[in-house]
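Student: So here's start_39.pdb, just PDB, C-alpha atoms, pLDDT in the B column:
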ATOM      1  CA  MET A   9      82.022 108.375  96.034  1.00 93.00           C
ATOM      2  CA  LYS A  10      84.418 106.110  94.148  1.00 96.00           C
ATOM      3  CA  ILE A  11      85.678 107.003  90.681  1.00 97.00           C
ATOM      4  CA  THR A  12      87.574 104.524  88.527  1.00 98.00           C
ATOM      5  CA  LEU A  13      89.599 106.095  85.741  1.00 98.00           C
ATOM      6  CA  ILE A  14      90.899 104.057  82.813  1.00 98.00           C
ATOM      7  CA  ASN A  15      93.585 105.535  80.615  1.00 98.00           C
ATOM      8  CA  GLY A  16      93.073 103.527  77.437  1.00 98.00           C
ATOM      9  CA  SER A  17      96.411 104.607  76.006  1.00 96.00           C
ATOM     10  CA  ALA A  18      99.654 102.690  75.822  1.00 93.00           C
ATOM     11  CA  ARG A  19     101.253 105.793  77.398  1.00 93.00           C
ATOM     12  CA  ASN A  20     100.627 107.031  80.902  1.00 94.00           C
ATOM     13  CA  ASN A  21     101.728 110.627  80.347  1.00 95.00           C
ATOM     14  CA  GLY A  22      99.792 111.865  77.332  1.00 96.00           C
ATOM     15  CA  SER A  23      96.490 113.494  76.459  1.00 97.00           C
ATOM     16  CA  CYS A  24      94.236 110.783  77.888  1.00 98.00           C
ATOM     17  CA  ASN A  25      95.986 110.924  81.242  1.00 98.00           C
ATOM     18  CA  TYR A  26      95.795 114.716  81.234  1.00 98.00           C
ATOM     19  CA  LEU A  27      92.043 114.607  80.596  1.00 98.00           C
ATOM     20  CA  LEU A  28      91.498 112.085  83.392  1.00 98.00           C
ATOM     21  CA  ASP A  29      93.484 114.270  85.796  1.00 97.00           C
ATOM     22  CA  SER A  30      91.470 117.301  84.667  1.00 97.00           C
ATOM     23  CA  PHE A  31      88.250 115.414  85.378  1.00 97.00           C
ATOM     24  CA  VAL A  32      89.455 114.574  88.891  1.00 96.00           C
ATOM     25  CA  GLY A  33      90.377 118.233  89.355  1.00 94.00           C
ATOM     26  CA  GLY A  34      86.744 119.110  88.695  1.00 94.00           C
ATOM     27  CA  ILE A  35      85.598 116.635  91.341  1.00 91.00           C
ATOM     28  CA  ALA A  36      87.976 117.968  94.015  1.00 78.00           C
ATOM     29  CA  PRO A  37      87.831 119.038  96.815  1.00 77.00           C
ATOM     30  CA  ARG A  38      84.955 116.650  97.499  1.00 81.00           C
ATOM     31  CA  ASN A  39      85.717 113.529  99.449  1.00 86.00           C
ATOM     32  CA  VAL A  40      86.148 110.937  96.724  1.00 92.00           C
ATOM     33  CA  GLN A  41      88.240 107.850  96.273  1.00 95.00           C
ATOM     34  CA  THR A  42      89.904 107.657  92.876  1.00 96.00           C
ATOM     35  CA  VAL A  43      91.580 104.672  91.304  1.00 98.00           C
ATOM     36  CA  LYS A  44      93.398 105.148  88.014  1.00 98.00           C
ATOM     37  CA  TYR A  45      94.800 102.564  85.629  1.00 98.00           C
ATOM     38  CA  CYS A  46      96.807 102.948  82.459  1.00 98.00           C
ATOM     39  CA  VAL A  47      96.195  99.873  80.322  1.00 98.00           C
ATOM     40  CA  GLY A  48      99.680 100.298  78.857  1.00 96.00           C
ATOM     41  CA  ASP A  49     101.169  99.708  82.298  1.00 97.00           C
ATOM     42  CA  ALA A  50      98.790  96.916  83.315  1.00 98.00           C
ATOM     43  CA  ASP A  51      99.593  93.223  83.125  1.00 98.00           C
ATOM     44  CA  LEU A  52      96.805  92.155  80.750  1.00 97.00           C
ATOM     45  CA  HIS A  53      96.928  88.933  78.767  1.00 97.00           C
ATOM     46  CA  PHE A  54      94.903  88.379  75.622  1.00 97.00           C
ATOM     47  CA  CYS A  55      91.627  86.503  75.978  1.00 97.00           C
ATOM     48  CA  LYS A  56      92.149  82.865  75.013  1.00 96.00           C
ATOM     49  CA  GLY A  57      88.567  82.444  73.788  1.00 95.00           C
ATOM     50  CA  CYS A  58      88.304  79.228  75.800  1.00 96.00           C
ATOM     51  CA  LYS A  59      84.871  80.179  77.210  1.00 94.00           C
ATOM     52  CA  LYS A  60      85.631  78.552  80.568  1.00 96.00           C
ATOM     53  CA  CYS A  61      84.193  81.709  82.135  1.00 96.00           C
ATOM     54  CA  TYR A  62      80.839  80.711  80.618  1.00 95.00           C
ATOM     55  CA  ILE A  63      80.956  77.563  82.763  1.00 95.00           C
ATOM     56  CA  ASP A  64      81.985  78.924  86.151  1.00 94.00           C
ATOM     57  CA  GLY A  65      82.140  82.719  85.788  1.00 94.00           C
ATOM     58  CA  LYS A  66      85.910  82.799  86.234  1.00 93.00           C
ATOM     59  CA  CYS A  67      88.784  83.479  83.862  1.00 96.00           C
ATOM     60  CA  VAL A  68      91.535  80.866  83.605  1.00 96.00           C
ATOM     61  CA  GLN A  69      94.149  83.625  83.577  1.00 96.00           C
ATOM     62  CA  THR A  70      95.520  85.560  86.520  1.00 96.00           C
ATOM     63  CA  ASP A  71      96.657  89.100  85.802  1.00 97.00           C
ATOM     64  CA  ASP A  72      95.470  92.687  86.439  1.00 98.00           C
ATOM     65  CA  ALA A  73      92.127  92.220  84.650  1.00 97.00           C
ATOM     66  CA  GLN A  74      90.296  90.975  87.735  1.00 96.00           C
ATOM     67  CA  LYS A  75      91.556  93.857  89.889  1.00 97.00           C
ATOM     68  CA  ILE A  76      90.647  96.481  87.263  1.00 98.00           C
ATOM     69  CA  VAL A  77      87.176  95.037  86.665  1.00 97.00           C
ATOM     70  CA  ASN A  78      86.583  94.877  90.430  1.00 97.00           C
ATOM     71  CA  ASP A  79      87.369  98.595  90.660  1.00 98.00           C
ATOM     72  CA  ILE A  80      85.080  99.279  87.699  1.00 98.00           C
ATOM     73  CA  LEU A  81      82.141  97.346  89.124  1.00 97.00           C
ATOM     74  CA  THR A  82      82.481  98.861  92.610  1.00 97.00           C
ATOM     75  CA  ALA A  83      82.708 102.457  91.374  1.00 98.00           C
ATOM     76  CA  ASP A  84      80.044 105.122  91.295  1.00 97.00           C
ATOM     77  CA  ILE A  85      81.589 106.675  88.187  1.00 97.00           C
ATOM     78  CA  VAL A  86      83.842 105.116  85.534  1.00 98.00           C
ATOM     79  CA  VAL A  87      85.731 107.314  83.091  1.00 98.00           C
ATOM     80  CA  ILE A  88      87.487 105.776  80.097  1.00 98.00           C
ATOM     81  CA  ALA A  89      89.690 107.994  77.932  1.00 98.00           C
ATOM     82  CA  ALA A  90      91.021 106.418  74.745  1.00 98.00           C
ATOM     83  CA  PRO A  91      93.151 107.661  71.886  1.00 97.00           C
ATOM     84  CA  SER A  92      92.462 106.703  68.295  1.00 94.00           C
ATOM     85  CA  TYR A  93      94.661 103.943  66.937  1.00 93.00           C
ATOM     86  CA  TRP A  94      93.580 103.512  63.313  1.00 89.00           C
ATOM     87  CA  ALA A  95      90.076 104.768  64.148  1.00 88.00           C
ATOM     88  CA  ASP A  96      89.596 102.314  66.998  1.00 92.00           C
ATOM     89  CA  VAL A  97      90.513 101.750  70.613  1.00 96.00           C
ATOM     90  CA  PRO A  98      94.132 100.704  71.244  1.00 96.00           C
ATOM     91  CA  ALA A  99      94.823  96.976  71.498  1.00 96.00           C
ATOM     92  CA  GLN A 100      95.617  97.289  75.202  1.00 96.00           C
ATOM     93  CA  LEU A 101      92.155  98.676  75.936  1.00 98.00           C
ATOM     94  CA  LYS A 102      90.481  96.134  73.665  1.00 97.00           C
ATOM     95  CA  THR A 103      92.289  93.432  75.632  1.00 97.00           C
ATOM     96  CA  LEU A 104      90.711  94.737  78.843  1.00 98.00           C
ATOM     97  CA  PHE A 105      87.308  94.768  77.139  1.00 98.00           C
ATOM     98  CA  ASP A 106      87.783  91.165  75.996  1.00 97.00           C
ATOM     99  CA  ARG A 107      88.972  90.033  79.423  1.00 96.00           C
ATOM    100  CA  THR A 108      85.799  91.407  81.010  1.00 95.00           C
ATOM    101  CA  THR A 109      83.755  88.587  79.443  1.00 94.00           C
ATOM    102  CA  PRO A 110      83.389  86.777  82.805  1.00 96.00           C
ATOM    103  CA  TYR A 111      81.539  89.842  84.162  1.00 95.00           C
ATOM    104  CA  GLY A 112      79.446  90.881  81.170  1.00 95.00           C
ATOM    105  CA  ASP A 113      75.725  90.393  80.687  1.00 96.00           C
ATOM    106  CA  THR A 114      76.302  87.867  77.887  1.00 94.00           C
ATOM    107  CA  ASN A 115      77.820  85.446  80.392  1.00 95.00           C
ATOM    108  CA  PRO A 116      75.026  83.330  81.878  1.00 94.00           C
ATOM    109  CA  ASN A 117      77.247  82.277  84.794  1.00 94.00           C
ATOM    110  CA  ARG A 118      78.817  85.572  85.792  1.00 93.00           C
ATOM    111  CA  ILE A 119      79.446  85.638  89.508  1.00 91.00           C
ATOM    112  CA  PHE A 120      80.160  89.328  90.081  1.00 91.00           C
ATOM    113  CA  THR A 121      78.070  92.290  88.964  1.00 92.00           C
ATOM    114  CA  ALA A 122      77.687  95.869  90.089  1.00 93.00           C
ATOM    115  CA  SER A 123      75.553  96.200  93.202  1.00 92.00           C
ATOM    116  CA  LYS A 124      74.553  99.792  92.462  1.00 95.00           C
ATOM    117  CA  PRO A 125      74.036 102.056  89.444  1.00 97.00           C
ATOM    118  CA  ILE A 126      77.273 103.237  87.828  1.00 98.00           C
ATOM    119  CA  LYS A 127      77.682 106.312  85.623  1.00 98.00           C
ATOM    120  CA  GLY A 128      80.035 106.045  82.664  1.00 98.00           C
ATOM    121  CA  ILE A 129      81.916 108.753  80.816  1.00 98.00           C
ATOM    122  CA  ALA A 130      83.568 108.003  77.460  1.00 98.00           C
ATOM    123  CA  ILE A 131      86.323 110.230  76.075  1.00 98.00           C
ATOM    124  CA  ALA A 132      87.963 109.857  72.657  1.00 98.00           C
ATOM    125  CA  VAL A 133      91.020 111.783  71.484  1.00 97.00           C
ATOM    126  CA  ARG A 134      92.555 111.706  68.030  1.00 96.00           C
ATOM    127  CA  ALA A 135      95.084 113.563  65.923  1.00 95.00           C
ATOM    128  CA  GLY A 136      92.895 113.829  62.843  1.00 94.00           C
ATOM    129  CA  VAL A 137      89.843 115.968  62.173  1.00 94.00           C
ATOM    130  CA  ARG A 138      87.119 113.406  61.425  1.00 91.00           C
ATOM    131  CA  GLU A 139      84.577 113.078  64.207  1.00 93.00           C
ATOM    132  CA  GLN A 140      83.246 109.811  62.813  1.00 94.00           C
ATOM    133  CA  GLU A 141      86.468 108.051  63.824  1.00 94.00           C
ATOM    134  CA  ASN A 142      86.089 109.269  67.405  1.00 96.00           C
ATOM    135  CA  ASN A 143      82.479 108.118  67.288  1.00 97.00           C
ATOM    136  CA  LEU A 144      83.704 104.576  66.621  1.00 96.00           C
ATOM    137  CA  ILE A 145      85.786 104.762  69.813  1.00 97.00           C
ATOM    138  CA  LEU A 146      82.983 106.309  71.843  1.00 98.00           C
ATOM    139  CA  ASN A 147      80.596 103.627  70.552  1.00 98.00           C
ATOM    140  CA  ALA A 148      83.062 100.889  71.579  1.00 98.00           C
ATOM    141  CA  VAL A 149      83.365 102.313  75.099  1.00 98.00           C
ATOM    142  CA  GLU A 150      79.601 102.769  75.385  1.00 98.00           C
ATOM    143  CA  HIS A 151      79.074  99.203  74.150  1.00 98.00           C
ATOM    144  CA  TYR A 152      81.511  97.970  76.811  1.00 98.00           C
ATOM    145  CA  PHE A 153      79.703  99.977  79.484  1.00 98.00           C
ATOM    146  CA  GLY A 154      76.383  98.542  78.362  1.00 97.00           C
ATOM    147  CA  HIS A 155      77.497  94.940  78.869  1.00 97.00           C
ATOM    148  CA  LEU A 156      78.521  95.809  82.431  1.00 97.00           C
ATOM    149  CA  GLY A 157      75.286  97.664  83.209  1.00 97.00           C
ATOM    150  CA  ILE A 158      77.014 101.047  83.279  1.00 98.00           C
ATOM    151  CA  ASP A 159      74.891 103.988  82.122  1.00 98.00           C
ATOM    152  CA  THR A 160      76.823 106.274  79.762  1.00 98.00           C
ATOM    153  CA  VAL A 161      76.048 109.818  80.915  1.00 98.00           C
ATOM    154  CA  LYS A 162      78.593 111.731  78.812  1.00 98.00           C
ATOM    155  CA  ARG A 163      80.497 111.266  75.552  1.00 98.00           C
ATOM    156  CA  ILE A 164      83.372 113.621  74.783  1.00 97.00           C
ATOM    157  CA  SER A 165      85.155 113.799  71.442  1.00 97.00           C
ATOM    158  CA  ILE A 166      88.316 115.834  70.944  1.00 98.00           C
ATOM    159  CA  THR A 167      90.071 115.965  67.586  1.00 97.00           C
ATOM    160  CA  GLN A 168      93.271 117.546  66.275  1.00 97.00           C
ATOM    161  CA  VAL A 169      95.425 116.469  69.223  1.00 97.00           C
ATOM    162  CA  ASP A 170      98.708 115.084  67.983  1.00 95.00           C
ATOM    163  CA  LYS A 171     100.639 115.761  71.176  1.00 95.00           C
ATOM    164  CA  LEU A 172      99.839 116.855  74.707  1.00 96.00           C
ATOM    165  CA  GLU A 173     100.677 120.481  73.950  1.00 97.00           C
ATOM    166  CA  ASP A 174      97.962 120.525  71.273  1.00 96.00           C
ATOM    167  CA  LEU A 175      95.400 119.517  73.885  1.00 97.00           C
ATOM    168  CA  ILE A 176      96.597 121.998  76.505  1.00 97.00           C
ATOM    169  CA  TYR A 177      96.933 125.031  74.238  1.00 96.00           C
ATOM    170  CA  ASP A 178      94.305 124.440  71.542  1.00 96.00           C
ATOM    171  CA  HIS A 179      91.500 122.788  73.497  1.00 97.00           C
ATOM    172  CA  GLU A 180      91.088 124.866  76.622  1.00 97.00           C
ATOM    173  CA  SER A 181      87.323 125.032  76.129  1.00 97.00           C
ATOM    174  CA  ASP A 182      87.046 121.214  75.824  1.00 97.00           C
ATOM    175  CA  ILE A 183      89.055 120.776  79.018  1.00 97.00           C
ATOM    176  CA  ARG A 184      86.931 123.392  80.787  1.00 97.00           C
ATOM    177  CA  GLN A 185      83.719 121.623  79.690  1.00 96.00           C
ATOM    178  CA  LEU A 186      85.050 118.347  81.115  1.00 97.00           C
ATOM    179  CA  VAL A 187      85.974 119.992  84.408  1.00 97.00           C
ATOM    180  CA  ASP A 188      82.623 121.773  84.592  1.00 96.00           C
ATOM    181  CA  PHE A 189      80.790 118.506  83.915  1.00 96.00           C
ATOM    182  CA  ALA A 190      82.782 116.789  86.678  1.00 96.00           C
ATOM    183  CA  LYS A 191      81.607 119.471  89.095  1.00 94.00           C
ATOM    184  CA  THR A 192      77.991 118.494  88.419  1.00 93.00           C
ATOM    185  CA  LEU A 193      78.452 114.899  89.545  1.00 92.00           C
TER     186      LEU A 193
END
Would you write out, as structure tokens, the structure that this file holds?
Tutor:
Amino acid sequence: MKITLINGSARNNGSCNYLLDSFVGGIAPRNVQTVKYCVGDADLHFCKGCKKCYIDGKCVQTDDAQKIVNDILTADIVVIAAPSYWADVPAQLKTLFDRTTPYGDTNPNRIFTASKPIKGIAIAVRAGVREQENNLILNAVEHYFGHLGIDTVKRISITQVDKLEDLIYDHESDIRQLVDFAKTL
């Protein structure tokens, strides 16, 4: 089994990363291959909107987008954890979403698609208390999954997490539910 984990945060050591590691902990000790990316550390250029990918299925830019999308489309499970930046996904994650246009179902000339069913898990984390803002993030991730043919099997919303310690000490039950869900896959 291959699991691709996407930390949608600009930071690679915060709550989103902790949740992804917790998910992997629930999968272990099974024999799985995991690949994890932090979009904040990735070399991702903004989409130019040139639509050349609609002609030949390829992006004119060369950066980490192709490698990340390849790992997404060859996975059995994809987990995206994103923090709330003004009630939306961070710009770095949105850039990855935009750069996936060559591979999405709206591209009539896409040349690479998933060869098997992929399960998707969307996780949203925010400092505030309003669930509706996390729902915007979860909807964005689910929308992204849909264009790649990924079936969203779980949506997880965690609020009131301003710093990693808040997650660890105040959300033990949320973390346990994530780990328990991972064990079922």
Student: Once the PyMOL selection byres ((chain A and resi 21-31) around 10) is applied to the coordinates I shared, what remains selected? I want it as number ranges by chain.
Tutor: A: 12-20, 32-36, 44-46, 87-91, 131-134, 169-176, 182-191
Student: May I have the residues from that selection written out with C-alpha atoms, as a JSON list (two decimals), keeping the file's coordinate frame?
Tutor:
[["chain", "number", "residue", "atom", "x", "y", "z"],
["A", 12, "THR", "CA", 87.57, 104.52, 88.53],
["A", 13, "LEU", "CA", 89.60, 106.10, 85.74],
["A", 14, "ILE", "CA", 90.90, 104.06, 82.81],
["A", 15, "ASN", "CA", 93.58, 105.54, 80.61],
["A", 16, "GLY", "CA", 93.07, 103.53, 77.44],
["A", 17, "SER", "CA", 96.41, 104.61, 76.01],
["A", 18, "ALA", "CA", 99.65, 102.69, 75.82],
["A", 19, "ARG", "CA", 101.25, 105.79, 77.40],
["A", 20, "ASN", "CA", 100.63, 107.03, 80.90],
["A", 32, "VAL", "CA", 89.46, 114.57, 88.89],
["A", 33, "GLY", "CA", 90.38, 118.23, 89.36],
["A", 34, "GLY", "CA", 86.74, 119.11, 88.70],
["A", 35, "ILE", "CA", 85.60, 116.64, 91.34],
["A", 36, "ALA", "CA", 87.98, 117.97, 94.02],
["A", 44, "LYS", "CA", 93.40, 105.15, 88.01],
["A", 45, "TYR", "CA", 94.80, 102.56, 85.63],
["A", 46, "CYS", "CA", 96.81, 102.95, 82.46],
["A", 87, "VAL", "CA", 85.73, 107.31, 83.09],
["A", 88, "ILE", "CA", 87.49, 105.78, 80.10],
["A", 89, "ALA", "CA", 89.69, 107.99, 77.93],
["A", 90, "ALA", "CA", 91.02, 106.42, 74.74],
["A", 91, "PRO", "CA", 93.15, 107.66, 71.89],
["A", 131, "ILE", "CA", 86.32, 110.23, 76.08],
["A", 132, "ALA", "CA", 87.96, 109.86, 72.66],
["A", 133, "VAL", "CA", 91.02, 111.78, 71.48],
["A", 134, "ARG", "CA", 92.56, 111.71, 68.03],
["A", 169, "VAL", "CA", 95.42, 116.47, 69.22],
["A", 170, "ASP", "CA", 98.71, 115.08, 67.98],
["A", 171, "LYS", "CA", 100.64, 115.76, 71.18],
["A", 172, "LEU", "CA", 99.84, 116.86, 74.71],
["A", 173, "GLU", "CA", 100.68, 120.48, 73.95],
["A", 174, "ASP", "CA", 97.96, 120.52, 71.27],
["A", 175, "LEU", "CA", 95.40, 119.52, 73.89],
["A", 176, "ILE", "CA", 96.60, 122.00, 76.50],
["A", 182, "ASP", "CA", 87.05, 121.21, 75.82],
["A", 183, "ILE", "CA", 89.06, 120.78, 79.02],
["A", 184, "ARG", "CA", 86.93, 123.39, 80.79],
["A", 185, "GLN", "CA", 83.72, 121.62, 79.69],
["A", 186, "LEU", "CA", 85.05, 118.35, 81.11],
["A", 187, "VAL", "CA", 85.97, 119.99, 84.41],
["A", 188, "ASP", "CA", 82.62, 121.77, 84.59],
["A", 189, "PHE", "CA", 80.79, 118.51, 83.92],
["A", 190, "ALA", "CA", 82.78, 116.79, 86.68],
["A", 191, "LYS", "CA", 81.61, 119.47, 89.10]]
Student: Dig up all the protein and nucleic acid residues within 10 Å of (86.5, 99.5, 90.4) in the file frame, using only C-alpha atoms, and format them as number ranges by chain.
Tutor: A: 10-14, 42-44, 74-86, 122
Student: Measuring atom to atom with all atoms listed in the file, identify which of A:His179, A:His151, A:Arg38, A:Arg118 is nearest to Phe105 in chain A.
Tutor: A:His151
Student: Separation of CA of Gly157 in chain A and CA of Gln69 in chain A, in Å?
Tutor: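 We find that CA of Gly157 in chain A and CA of Gln69 in chain A lie 23.5 Å from each other.
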Student: By how many Å are CA of Asn115 in chain A and CA of Asn143 in chain A apart?
Tutor: 26.6 Å
Student: From the options A:Leu144, A:Val68, A:Cys55, A:Cys61, which residue's atoms come nearest to Asp106 in chain A, counting only C-alpha atoms?
Tutor: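 For Asp106 in chain A, the nearest of the candidates is A:Cys55.
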Student: Please tell me which residues are no farther than 9 Å from (87.1, 119.9, 60.6) in the file, counting only C-alpha atoms, and write them as an mmCIF file with C-alpha atoms, in the coordinates of the input.
Tutor:
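So the final result, stored in out.cif, reads:
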data_model
loop_
_atom_site.group_PDB
_atom_site.id
_atom_site.type_symbol
_atom_site.label_atom_id
_atom_site.label_comp_id
_atom_site.auth_asym_id
_atom_site.auth_seq_id
_atom_site.Cartn_x
_atom_site.Cartn_y
_atom_site.Cartn_z
ATOM 1 C CA GLY A 136 92.895 113.829 62.843
ATOM 2 C CA VAL A 137 89.843 115.968 62.173
ATOM 3 C CA ARG A 138 87.119 113.406 61.425
ATOM 4 C CA GLU A 139 84.577 113.078 64.207
ATOM 5 C CA THR A 167 90.071 115.965 67.586
ATOM 6 C CA GLN A 168 93.271 117.546 66.275
#
Student: Report the distance between CA of Arg163 in chain A and CA of Ala135 in chain A in Å, rounded to one decimal place.
Tutor: 17.6 Å
Student: Considering only C-alpha atoms, state which residue in the set A:Tyr62, A:Tyr152, A:Phe54, A:Tyr177 is at the smallest distance from Pro116 in chain A.
Tutor: A:Tyr62
Student: Using only C-alpha atoms, which residue out of A:Pro125, A:Pro37, A:Pro98, A:Pro110 lies closest to Val149 in chain A?
Tutor: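 Closest candidate: A:Pro98.
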Student: Could you put an axis-aligned box around every listed atom of range 127-146 of chain A, padded by 4 Å on each side, and send me its centre and edge lengths in Å to one decimal, as JSON?
Tutor:
{"center_x": 86.4, "center_y": 110.3, "center_z": 73.5, "size_x": 25.4, "size_y": 19.4, "size_z": 32.2}
Student: Could all heavy atoms be built for range 11-20 of chain A and written out as a PDB file, keeping the file's coordinate frame?
Tutor:
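The result, stored in part_39.pdb:
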ATOM      1  N   ILE A  11      85.527 106.782  92.119  1.00 97.00           N
ATOM      2  CA  ILE A  11      85.678 107.003  90.681  1.00 97.00           C
ATOM      3  C   ILE A  11      86.825 106.130  90.182  1.00 97.00           C
ATOM      4  O   ILE A  11      87.934 106.196  90.717  1.00 97.00           O
ATOM      5  CB  ILE A  11      85.966 108.481  90.361  1.00 97.00           C
ATOM      6  CG1 ILE A  11      84.844 109.372  90.891  1.00 97.00           C
ATOM      7  CG2 ILE A  11      86.154 108.675  88.863  1.00 97.00           C
ATOM      8  CD1 ILE A  11      85.139 110.837  90.803  1.00 97.00           C
ATOM      9  N   THR A  12      86.538 105.328  89.166  1.00 98.00           N
ATOM     10  CA  THR A  12      87.574 104.524  88.527  1.00 98.00           C
ATOM     11  C   THR A  12      87.873 105.146  87.173  1.00 98.00           C
ATOM     12  O   THR A  12      86.975 105.356  86.363  1.00 98.00           O
ATOM     13  CB  THR A  12      87.137 103.058  88.375  1.00 98.00           C
ATOM     14  OG1 THR A  12      86.885 102.520  89.681  1.00 98.00           O
ATOM     15  CG2 THR A  12      88.210 102.241  87.686  1.00 98.00           C
ATOM     16  N   LEU A  13      89.134 105.445  86.961  1.00 98.00           N
ATOM     17  CA  LEU A  13      89.599 106.095  85.741  1.00 98.00           C
ATOM     18  C   LEU A  13      90.451 105.104  84.954  1.00 98.00           C
ATOM     19  O   LEU A  13      91.369 104.499  85.509  1.00 98.00           O
ATOM     20  CB  LEU A  13      90.438 107.322  86.095  1.00 98.00           C
ATOM     21  CG  LEU A  13      89.770 108.318  87.044  1.00 98.00           C
ATOM     22  CD1 LEU A  13      90.791 109.071  87.857  1.00 98.00           C
ATOM     23  CD2 LEU A  13      88.888 109.258  86.265  1.00 98.00           C
ATOM     24  N   ILE A  14      90.147 104.964  83.681  1.00 98.00           N
ATOM     25  CA  ILE A  14      90.899 104.057  82.813  1.00 98.00           C
ATOM     26  C   ILE A  14      91.523 104.874  81.690  1.00 98.00           C
ATOM     27  O   ILE A  14      90.825 105.445  80.857  1.00 98.00           O
ATOM     28  CB  ILE A  14      89.998 102.961  82.202  1.00 98.00           C
ATOM     29  CG1 ILE A  14      89.225 102.201  83.281  1.00 98.00           C
ATOM     30  CG2 ILE A  14      90.831 102.025  81.325  1.00 98.00           C
ATOM     31  CD1 ILE A  14      90.044 101.378  84.224  1.00 98.00           C
ATOM     32  N   ASN A  15      92.845 104.923  81.702  1.00 98.00           N
ATOM     33  CA  ASN A  15      93.585 105.535  80.615  1.00 98.00           C
ATOM     34  C   ASN A  15      93.777 104.442  79.570  1.00 98.00           C
ATOM     35  O   ASN A  15      94.549 103.511  79.773  1.00 98.00           O
ATOM     36  CB  ASN A  15      94.934 106.057  81.136  1.00 98.00           C
ATOM     37  CG  ASN A  15      95.804 106.637  80.052  1.00 98.00           C
ATOM     38  OD1 ASN A  15      95.504 106.523  78.868  1.00 98.00           O
ATOM     39  ND2 ASN A  15      96.912 107.238  80.436  1.00 98.00           N
ATOM     40  N   GLY A  16      93.052 104.548  78.472  1.00 98.00           N
ATOM     41  CA  GLY A  16      93.073 103.527  77.437  1.00 98.00           C
ATOM     42  C   GLY A  16      94.261 103.614  76.507  1.00 98.00           C
ATOM     43  O   GLY A  16      94.302 102.923  75.493  1.00 98.00           O
ATOM     44  N   SER A  17      95.236 104.422  76.837  1.00 96.00           N
ATOM     45  CA  SER A  17      96.411 104.607  76.006  1.00 96.00           C
ATOM     46  C   SER A  17      97.538 103.668  76.419  1.00 96.00           C
ATOM     47  O   SER A  17      97.601 103.204  77.558  1.00 96.00           O
ATOM     48  CB  SER A  17      96.900 106.062  76.144  1.00 96.00           C
ATOM     49  OG  SER A  17      98.108 106.250  75.440  1.00 96.00           O
ATOM     50  N   ALA A  18      98.435 103.436  75.500  1.00 93.00           N
ATOM     51  CA  ALA A  18      99.654 102.690  75.822  1.00 93.00           C
ATOM     52  C   ALA A  18     100.589 103.544  76.676  1.00 93.00           C
ATOM     53  O   ALA A  18     101.469 103.025  77.357  1.00 93.00           O
ATOM     54  CB  ALA A  18     100.353 102.262  74.537  1.00 93.00           C
ATOM     55  N   ARG A  19     100.380 104.862  76.658  1.00 93.00           N
ATOM     56  CA  ARG A  19     101.253 105.793  77.398  1.00 93.00           C
ATOM     57  C   ARG A  19     100.516 106.365  78.608  1.00 93.00           C
ATOM     58  O   ARG A  19      99.346 106.690  78.527  1.00 93.00           O
ATOM     59  CB  ARG A  19     101.704 106.940  76.495  1.00 93.00           C
ATOM     60  CG  ARG A  19     102.512 106.477  75.305  1.00 93.00           C
ATOM     61  CD  ARG A  19     103.023 107.617  74.432  1.00 93.00           C
ATOM     62  NE  ARG A  19     101.984 108.550  74.029  1.00 93.00           N
ATOM     63  CZ  ARG A  19     101.995 109.853  74.334  1.00 93.00           C
ATOM     64  NH1 ARG A  19     102.964 110.383  75.034  1.00 93.00           N
ATOM     65  NH2 ARG A  19     101.025 110.635  73.905  1.00 93.00           N
ATOM     66  N   ASN A  20     101.249 106.515  79.688  1.00 94.00           N
ATOM     67  CA  ASN A  20     100.627 107.031  80.902  1.00 94.00           C
ATOM     68  C   ASN A  20     100.866 108.517  81.135  1.00 94.00           C
ATOM     69  O   ASN A  20     100.540 109.032  82.205  1.00 94.00           O
ATOM     70  CB  ASN A  20     101.088 106.228  82.130  1.00 94.00           C
ATOM     71  CG  ASN A  20     102.572 106.363  82.394  1.00 94.00           C
ATOM     72  OD1 ASN A  20     103.240 107.227  81.836  1.00 94.00           O
ATOM     73  ND2 ASN A  20     103.103 105.506  83.238  1.00 94.00           N
TER      74      ASN A  20
END
